[in-house]
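Structure file work-v5.tsv (TSV, C-alpha atoms) is printed below.
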```
chain	number	residue	atom	x	y	z
A	1	MET	CA	19.84	162.03	142.31
A	2	ALA	CA	18.96	163.19	138.92
A	3	LYS	CA	18.77	160.61	136.28
A	4	SER	CA	21.27	161.43	133.61
A	5	SER	CA	19.44	162.81	130.72
A	6	LYS	CA	22.48	162.55	128.50
A	7	LYS	CA	21.80	159.96	125.85
A	8	VAL	CA	24.38	157.87	124.10
A	9	PRO	CA	23.77	158.37	120.42
A	10	ALA	CA	22.50	155.14	118.92
A	11	LEU	CA	24.58	153.57	116.21
A	12	ASN	CA	22.77	151.87	113.38
A	13	ALA	CA	24.35	148.45	113.34
A	14	SER	CA	21.78	146.65	111.27
A	15	SER	CA	24.16	146.30	108.32
A	16	MET	CA	26.84	144.64	110.44
A	17	ALA	CA	25.14	141.28	110.05
A	18	ASP	CA	25.18	141.66	106.28
A	19	ILE	CA	28.83	142.62	106.24
A	20	SER	CA	29.84	139.76	108.48
A	21	PHE	CA	27.82	137.37	106.33
A	22	LEU	CA	29.76	138.57	103.30
A	23	LEU	CA	33.05	137.94	105.07
A	24	LEU	CA	31.83	134.57	106.26
A	25	THR	CA	30.91	133.48	102.73
A	26	PHE	CA	34.32	134.60	101.50
A	27	PHE	CA	36.18	132.50	104.08
A	28	LEU	CA	33.82	129.58	103.52
A	29	LEU	CA	34.75	129.56	99.85
A	30	VAL	CA	38.52	129.98	100.11
A	31	SER	CA	39.11	127.60	102.99
A	32	ASN	CA	39.97	123.99	102.31
A	33	MET	CA	39.57	121.67	105.22
A	34	ASP	CA	41.25	118.61	103.74
A	35	VAL	CA	44.46	117.82	105.55
A	36	ASP	CA	47.20	116.19	103.58
A	37	SER	CA	48.03	112.73	104.82
A	38	GLY	CA	50.51	110.14	103.76
A	39	LEU	CA	53.06	107.51	104.68
A	40	ALA	CA	55.99	109.17	106.39
A	41	ARG	CA	59.47	107.92	105.53
A	42	ARG	CA	63.01	108.96	106.22
A	43	LEU	CA	65.49	108.82	103.36
A	44	PRO	CA	69.12	107.91	103.98
A	45	PRO	CA	71.55	110.79	103.52
A	46	PRO	CA	73.37	110.89	100.18
A	47	PRO	CA	76.38	108.57	99.93
A	48	GLN	CA	79.59	110.37	100.84
A	49	SER	CA	81.93	107.99	99.11
A	50	GLN	CA	81.68	104.88	96.98
A	51	ASP	CA	82.63	102.42	99.68
A	52	GLN	CA	79.95	103.70	102.04
A	53	THR	CA	77.04	102.84	99.79
A	54	SER	CA	76.57	99.24	100.85
A	55	VAL	CA	76.12	97.83	104.30
A	56	ASP	CA	76.64	94.17	104.93
A	57	VAL	CA	73.57	92.52	106.37
A	58	GLN	CA	73.49	88.89	107.34
A	59	ARG	CA	71.26	86.90	105.04
A	60	ARG	CA	69.05	85.71	107.87
A	61	ASN	CA	68.41	89.28	108.98
A	62	LEU	CA	67.10	90.32	105.59
A	63	LEU	CA	63.56	90.23	104.25
A	64	VAL	CA	63.52	91.11	100.57
A	65	VAL	CA	60.32	92.54	99.13
A	66	LEU	CA	60.51	92.74	95.37
A	67	VAL	CA	57.93	94.48	93.17
A	68	ASN	CA	58.49	93.77	89.49
A	69	ALA	CA	57.35	95.48	86.28
A	70	GLN	CA	54.12	93.44	86.20
A	71	ASN	CA	53.43	94.64	89.78
A	72	GLU	CA	53.86	91.12	91.10
A	73	ILE	CA	55.22	91.01	94.62
A	74	LEU	CA	57.75	88.55	95.96
A	75	VAL	CA	58.51	88.36	99.67
A	76	GLN	CA	61.58	86.33	100.50
A	77	ASP	CA	63.50	85.50	103.65
A	78	GLN	CA	65.78	82.57	104.31
A	79	GLN	CA	62.85	80.40	105.26
A	80	GLY	CA	61.17	80.61	101.90
A	81	LEU	CA	59.30	82.93	99.59
A	82	VAL	CA	55.77	84.05	99.00
A	83	VAL	CA	54.54	85.44	95.68
A	84	TYR	CA	51.54	87.73	95.33
A	85	GLY	CA	50.02	88.24	91.87
A	86	ASN	CA	49.04	91.88	92.43
A	87	GLU	CA	48.53	94.48	95.11
A	88	ASN	CA	45.02	93.26	95.95
A	89	GLU	CA	46.33	89.85	96.93
A	90	LEU	CA	48.52	91.35	99.67
A	91	MET	CA	45.66	90.88	102.14
A	92	GLY	CA	46.12	87.16	101.70
A	93	SER	CA	44.47	84.89	99.15
A	94	ALA	CA	45.07	81.74	97.12
A	95	GLY	CA	46.58	79.93	100.08
A	96	ASN	CA	49.07	82.71	100.86
A	97	ALA	CA	49.24	84.32	104.25
A	98	ALA	CA	48.72	88.10	104.28
A	99	MET	CA	51.95	89.97	103.69
A	100	LYS	CA	51.68	91.76	107.01
A	101	ASP	CA	51.68	88.40	108.79
A	102	VAL	CA	54.79	87.33	106.91
A	103	VAL	CA	56.53	90.56	107.97
A	104	LYS	CA	55.33	90.17	111.56
A	105	ALA	CA	56.58	86.58	111.78
A	106	PHE	CA	59.89	87.75	110.34
A	107	VAL	CA	60.31	90.61	112.82
A	108	LEU	CA	59.22	88.61	115.85
A	109	ASN	CA	60.99	85.28	115.19
A	110	GLU	CA	59.04	83.74	118.04
A	111	SER	CA	60.36	80.22	117.44
A	112	ASN	CA	63.97	81.46	117.60
A	113	SER	CA	64.59	79.89	114.21
A	114	ALA	CA	68.09	80.02	112.76
A	115	GLU	CA	66.63	81.12	109.43
A	116	LEU	CA	64.88	84.19	110.82
A	117	PRO	CA	66.61	87.30	112.23
A	118	GLN	CA	68.92	86.88	115.17
A	119	LEU	CA	67.38	87.51	118.60
A	120	ILE	CA	69.48	89.78	120.80
A	121	GLU	CA	68.60	90.51	124.41
A	122	GLU	CA	68.23	94.21	125.16
A	123	ASP	CA	67.09	96.27	128.10
A	124	PHE	CA	64.15	98.55	127.34
A	125	GLY	CA	63.57	99.85	130.86
A	126	PRO	CA	60.58	99.13	133.10
A	127	PRO	CA	58.05	97.67	132.65
A	128	ILE	CA	59.35	95.91	129.56
A	129	GLY	CA	62.66	94.81	131.04
A	130	ILE	CA	65.16	92.70	129.18
A	131	VAL	CA	63.61	90.96	126.22
A	132	PRO	CA	65.12	89.35	123.11
A	133	VAL	CA	64.41	91.34	119.94
A	134	THR	CA	65.55	91.15	116.34
A	135	SER	CA	67.21	94.56	116.41
A	136	ASN	CA	69.28	93.90	113.29
A	137	HIS	CA	66.52	92.89	110.93
A	138	VAL	CA	66.02	94.83	107.70
A	139	VAL	CA	63.02	94.90	105.40
A	140	SER	CA	64.40	95.77	102.00
A	141	ILE	CA	61.87	97.03	99.45
A	142	GLN	CA	63.12	96.83	95.89
A	143	ASN	CA	61.27	97.83	92.78
A	144	ASP	CA	61.64	97.87	89.04
A	145	ALA	CA	61.85	101.08	87.03
A	146	THR	CA	58.42	100.48	85.49
A	147	THR	CA	56.63	99.39	88.66
A	148	ARG	CA	53.36	101.20	89.21
A	149	TYR	CA	53.46	103.72	92.05
A	150	SER	CA	50.22	102.36	93.55
A	151	ALA	CA	51.73	98.86	93.89
A	152	TYR	CA	54.76	100.35	95.61
A	153	ILE	CA	52.58	102.30	98.04
A	154	ALA	CA	50.45	99.20	98.70
A	155	VAL	CA	53.61	97.30	99.68
A	156	GLN	CA	54.87	100.15	101.87
A	157	ASN	CA	51.46	100.30	103.48
A	158	GLU	CA	51.47	96.57	104.27
A	159	VAL	CA	54.90	96.80	105.90
A	160	VAL	CA	53.87	99.82	107.98
A	161	LYS	CA	50.68	98.00	108.93
A	162	ALA	CA	52.74	95.05	110.20
A	163	TYR	CA	54.84	97.34	112.38
A	164	ASN	CA	51.78	99.21	113.65
A	165	GLU	CA	50.12	95.96	114.68
A	166	LEU	CA	53.29	94.80	116.42
A	167	ARG	CA	53.44	98.05	118.36
A	168	GLU	CA	49.77	97.80	119.25
A	169	GLU	CA	50.27	94.26	120.55
A	170	GLY	CA	53.40	95.21	122.47
A	171	SER	CA	51.67	98.17	124.04
A	172	ARG	CA	48.73	95.99	125.12
A	173	ARG	CA	51.10	93.41	126.58
A	174	TYR	CA	53.37	95.73	128.53
A	175	PHE	CA	51.17	98.71	129.34
A	176	GLY	CA	47.70	97.18	129.16
A	177	MET	CA	46.33	99.82	126.80
A	178	GLY	CA	46.34	100.77	123.14
A	179	TYR	CA	49.34	102.43	121.51
A	180	GLU	CA	47.39	105.62	120.90
A	181	GLU	CA	46.70	106.05	124.63
A	182	LEU	CA	50.36	105.83	125.66
A	183	SER	CA	52.36	108.80	126.83
A	184	ILE	CA	55.17	110.08	124.63
A	185	SER	CA	57.94	108.35	126.60
A	186	GLN	CA	55.99	105.07	126.62
A	187	LYS	CA	55.54	105.37	122.85
A	188	GLU	CA	59.28	105.83	122.50
A	189	GLN	CA	59.88	102.64	124.49
A	190	ILE	CA	57.55	100.68	122.22
A	191	ASP	CA	59.10	102.27	119.12
A	192	LYS	CA	62.51	101.14	120.35
A	193	LEU	CA	61.16	97.67	120.94
A	194	TYR	CA	59.93	97.44	117.34
A	195	PRO	CA	61.96	99.92	115.30
A	196	GLN	CA	60.93	100.41	111.68
A	197	ARG	CA	63.88	99.20	109.72
A	198	ILE	CA	62.84	99.63	106.12
A	199	SER	CA	65.44	100.06	103.40
A	200	GLU	CA	64.53	101.41	100.00
A	201	ALA	CA	67.11	100.15	97.59
A	202	GLU	CA	68.20	101.61	94.29
A	203	PRO	CA	66.01	100.42	91.41
A	204	LYS	CA	67.14	97.66	89.14
A	205	ASN	CA	66.01	96.97	85.61
A	206	TYR	CA	64.85	93.39	85.97
A	207	GLY	CA	62.36	93.85	83.14
A	208	ASP	CA	65.07	94.39	80.54
A	209	GLN	CA	66.81	91.15	81.14
B	210	MET	CA	11.48	137.98	115.84
B	211	ASN	CA	14.47	139.23	117.69
B	212	THR	CA	17.51	138.86	115.47
B	213	SER	CA	19.85	141.08	117.44
B	214	SER	CA	22.13	138.16	118.36
B	215	MET	CA	22.53	137.05	114.79
B	216	PRO	CA	25.58	139.26	114.08
B	217	ASP	CA	27.29	137.81	117.18
B	218	ILE	CA	26.66	134.26	116.05
B	219	VAL	CA	27.80	135.03	112.52
B	220	PHE	CA	30.95	136.66	113.87
B	221	ALA	CA	31.68	133.59	115.93
B	222	ILE	CA	31.44	131.37	112.87
B	223	LEU	CA	33.47	133.91	110.90
B	224	PHE	CA	36.31	133.83	113.42
B	225	PHE	CA	36.30	130.06	113.35
B	226	PHE	CA	36.79	130.03	109.60
B	227	MET	CA	39.36	132.81	109.70
B	228	VAL	CA	41.47	130.82	112.15
B	229	THR	CA	41.18	127.41	110.54
B	230	THR	CA	41.53	128.48	106.94
B	231	THR	CA	44.66	128.04	104.92
B	232	MET	CA	44.67	129.84	101.64
B	233	ARG	CA	45.08	127.77	98.55
B	234	SER	CA	48.54	128.83	97.48
B	235	GLU	CA	48.88	127.10	94.16
B	236	THR	CA	46.65	125.95	91.37
B	237	LEU	CA	47.24	122.42	90.26
B	238	MET	CA	48.35	122.02	86.68
B	239	VAL	CA	48.71	118.26	86.78
B	240	GLN	CA	45.91	115.84	87.52
B	241	MET	CA	46.49	112.99	89.85
B	242	LYS	CA	44.60	110.27	91.61
B	243	LEU	CA	46.44	109.60	94.82
B	244	PRO	CA	47.04	105.97	95.75
B	245	SER	CA	45.08	104.71	98.73
B	246	ALA	CA	46.53	103.38	101.95
B	247	THR	CA	45.20	102.46	105.37
B	248	GLU	CA	48.12	103.46	107.60
B	249	VAL	CA	48.36	107.13	106.67
B	250	GLN	CA	49.41	109.81	109.13
B	251	LYS	CA	48.25	113.38	109.03
B	252	LEU	CA	50.85	116.00	108.20
B	253	GLU	CA	50.55	118.39	111.05
B	254	LYS	CA	52.20	121.77	110.60
B	255	LYS	CA	51.36	123.04	107.17
B	256	SER	CA	54.10	125.65	107.22
B	257	LEU	CA	56.70	122.89	107.36
B	258	VAL	CA	55.40	120.97	104.37
B	259	THR	CA	56.64	121.43	100.82
B	260	TYR	CA	54.72	119.82	98.02
B	261	ILE	CA	55.90	118.07	94.89
B	262	ASN	CA	53.07	117.30	92.49
B	263	ILE	CA	53.56	114.57	89.92
B	264	GLY	CA	50.97	113.63	87.34
B	265	VAL	CA	49.67	114.07	83.83
B	266	PRO	CA	49.20	117.69	82.66
B	267	MET	CA	45.61	118.92	82.76
B	268	ASP	CA	46.20	120.76	79.51
B	269	THR	CA	45.97	117.94	76.97
B	270	ARG	CA	48.10	119.88	74.49
B	271	LEU	CA	51.06	119.18	76.76
B	272	GLY	CA	50.80	115.45	76.11
B	273	THR	CA	50.10	112.54	78.40
B	274	GLY	CA	53.60	112.05	79.80
B	275	THR	CA	54.32	112.36	83.49
B	276	GLN	CA	55.19	115.90	84.52
B	277	MET	CA	56.19	117.48	87.77
B	278	GLN	CA	54.88	120.73	89.18
B	279	LEU	CA	56.82	122.78	91.69
B	280	ASN	CA	55.08	125.91	92.93
B	281	ASP	CA	53.22	127.27	89.92
B	282	ARG	CA	55.20	125.90	87.03
B	283	PHE	CA	56.33	122.70	85.41
B	284	ALA	CA	59.80	121.62	86.37
B	285	ASP	CA	62.38	118.97	85.78
B	286	VAL	CA	63.89	116.60	88.33
B	287	SER	CA	67.11	118.63	88.16
B	288	ASP	CA	65.20	121.69	89.47
B	289	ILE	CA	64.35	120.00	92.75
B	290	GLN	CA	67.60	120.92	94.49
B	291	ASN	CA	67.11	124.61	93.82
B	292	TYR	CA	63.46	124.42	94.80
B	293	ILE	CA	64.25	122.72	98.11
B	294	ALA	CA	67.03	125.19	98.87
B	295	GLN	CA	64.65	128.07	98.17
B	296	GLU	CA	61.89	126.63	100.35
B	297	LYS	CA	64.37	125.95	103.14
B	298	ALA	CA	65.69	129.50	103.01
B	299	SER	CA	62.19	130.90	103.44
B	300	MET	CA	61.74	128.98	106.70
B	301	ASN	CA	62.71	129.72	110.25
B	302	GLU	CA	66.14	128.40	111.03
B	303	ALA	CA	64.74	126.32	113.88
B	304	ASP	CA	62.15	124.77	111.59
B	305	GLN	CA	64.50	123.79	108.81
B	306	PRO	CA	65.38	120.30	110.12
B	307	LEU	CA	61.67	119.57	110.50
B	308	MET	CA	60.91	120.29	106.88
B	309	THR	CA	58.80	117.58	105.28
B	310	VAL	CA	58.41	117.03	101.57
B	311	SER	CA	55.06	115.60	100.55
B	312	ILE	CA	55.22	113.68	97.29
B	313	LYS	CA	51.79	113.85	95.70
B	314	ALA	CA	52.03	111.51	92.77
B	315	ASP	CA	49.45	109.86	90.53
B	316	GLU	CA	49.00	106.18	91.25
B	317	ALA	CA	49.88	105.19	87.67
B	318	THR	CA	53.27	106.92	87.77
B	319	ARG	CA	56.24	104.72	86.96
B	320	MET	CA	58.60	104.15	89.85
B	321	GLN	CA	61.56	105.34	87.78
B	322	TYR	CA	60.25	108.88	88.09
B	323	ILE	CA	59.63	108.59	91.83
B	324	THR	CA	63.08	107.12	92.36
B	325	ASP	CA	64.70	109.99	90.47
B	326	VAL	CA	62.79	112.44	92.66
B	327	LYS	CA	63.84	110.59	95.79
B	328	GLN	CA	67.49	110.63	94.76
B	329	ALA	CA	67.28	114.36	94.09
B	330	LEU	CA	65.72	114.90	97.52
B	331	ARG	CA	68.52	112.94	99.14
B	332	GLN	CA	71.07	115.12	97.38
B	333	ALA	CA	69.22	118.21	98.62
B	334	TYR	CA	69.19	116.82	102.17
B	335	ALA	CA	65.41	116.89	102.35
B	336	LEU	CA	65.24	113.53	104.07
B	337	LYS	CA	61.84	113.67	105.72
B	338	ILE	CA	59.34	112.71	103.09
B	339	SER	CA	55.75	111.61	103.00
B	340	TYR	CA	54.10	109.61	100.23
B	341	SER	CA	50.77	111.36	100.02
B	342	ALA	CA	47.87	108.92	99.97
B	343	ARG	CA	44.14	108.82	100.47
B	344	LYS	CA	42.83	107.27	103.65
B	345	GLU	CA	41.07	104.05	102.84
B	346	GLU	CA	38.85	102.26	105.35
B	347	ASN	CA	38.93	98.50	105.39
```
Please, can you express the file's structure as structure tokens?
Amino acid sequence: MAKSSKKVPALNASSMADISFLLLTFFLLVSNMDVDSGLARRLPPPPQSQDQTSVDVQRRNLLVVLVNAQNEILVQDQQGLVVYGNENELMGSAGNAAMKDVVKAFVLNESNSAELPQLIEEDFGPPIGIVPVTSNHVVSIQNDATTRYSAYIAVQNEVVKAYNELREEGSRRYFGMGYEELSISQKEQIDKLYPQRISEAEPKNYGDQ
Amino acid sequence: MNTSSMPDIVFAILFFFMVTTTMRSETLMVQMKLPSATEVQKLEKKSLVTYINIGVPMDTRLGTGTQMQLNDRFADVSDIQNYIAQEKASMNEADQPLMTVSIKADEATRMQYITDVKQALRQAYALKISYSARKEEN
């Protein structure tokens, strides 16, 4: 058995490293890793006719969040109102409860108060079963034309935070684990239990009056 | 020292960057400081996202008023409908209902402007929106 004397011609590949380094530097420079993130919302479709623009909501089912031109925030339901001087006070200060707790108390209506949203029994499937929920509540965020965008986002953020905490608590109660660990169908169940019902109203010019 | 495996390693890193990279498609002409929020969600599929940039022009000769940038030029609120229609047409038909509009606005913008943009988006049936915000730890 003769050893093959035929040699494969060697290819000089020493410059390959240099070339790939060049390409690597190019992609390093043009790539941007930062992922855009934000608060997701769904807008209502445009009004088809004049009479369709307003929906009647019972007063007790409505939580009005008003942001005025001075970026002061007023949260009002039928039980009473809370005023926050600016967006930093939303976490709770000066004797006020945090806004997220006000929203949570409004959505839950644990005491079955007649001044908070109506509790309606609904079936959410196992393991939640039939529980009373405030499925008709609405959080209405209204703002002035000259409101600062950051104040508006801070308010939106607080409302979303309230819902997220409710969902987290519900998921711990019914499934015994955090919301993030749930399967997609379990998440849907929890989302149905605490649906985000946020209405963004047309702006009004309170500042001019 | 034996460096024969270096090209392999470099290629591996190169492929990683080639796959993860998204080319910067537009240069910003408005400057903005995004508002901060704690409950932000990541926008997943980049090909489904359309951006609306709102802020003060970087070129100080253009004044300090709020301006909007769509693609690579300044635009008016009335241009949004055309812009959305154009972006929608360039998408897959199956992806069109999933289209998300990311509103990247400066935190000092007046809400009047944002509301006008929102109304225009409603008219254009771009109903999935996202208020772009920085993640803030608390």
Check: which chain B residues lie within 9 Å of chain A using only C-alpha atoms, as a PyMOL selection string: chain B and resi 213+215-217+219-220+222-224+226-227+229-233+243-253+255+309+311-324+327-328+330-344
From A:Ile73, A:Leu108, A:Leu166, A:Leu66, residue lying nearest A:Asn86 [all atoms listed in the file]: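 Looking only at the distances to A:Asn86, the closest residue turns out to be A:Ile73.
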Å distance separating atom CA of B:Lys254 from atom CA of B:Ile293, one decimal place: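 For atom CA of B:Lys254 relative to atom CA of B:Ile293, the distance reads 17.4 Å.
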Exercise: stretch 125-137 of chain A partners within 7 Å, all atoms listed in the file, chain neighbours under 3 positions left out, as a PyMOL selection string: chain A and resi 61-62+107-108+117-122+174+197
Written selection (C-alpha atoms) as a short mmCIF file (atom, residue, chain, number, x, y, z; two decimals), in the coordinates of the input:
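Saved as out-v3.cif:
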```
data_model
loop_
_atom_site.label_atom_id
_atom_site.label_comp_id
_atom_site.auth_asym_id
_atom_site.auth_seq_id
_atom_site.Cartn_x
_atom_site.Cartn_y
_atom_site.Cartn_z
CA ASN A 61 68.41 89.28 108.98
CA LEU A 62 67.10 90.32 105.59
CA VAL A 107 60.31 90.61 112.82
CA LEU A 108 59.22 88.61 115.85
CA PRO A 117 66.61 87.30 112.23
CA GLN A 118 68.92 86.88 115.17
CA LEU A 119 67.38 87.51 118.60
CA ILE A 120 69.48 89.78 120.80
CA GLU A 121 68.60 90.51 124.41
CA GLU A 122 68.23 94.21 125.16
CA TYR A 174 53.37 95.73 128.53
CA ARG A 197 63.88 99.20 109.72
#
```
Interatomic distance (Å, one decimal) between atom CA of A:Lys104 and atom CA of A:Leu63: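 Taking atom CA of A:Lys104 and atom CA of A:Leu63, their separation equals 11.0 Å.
Atom CA of A:Ser113 is found 20.0 Å from atom CA of A:Ser140.
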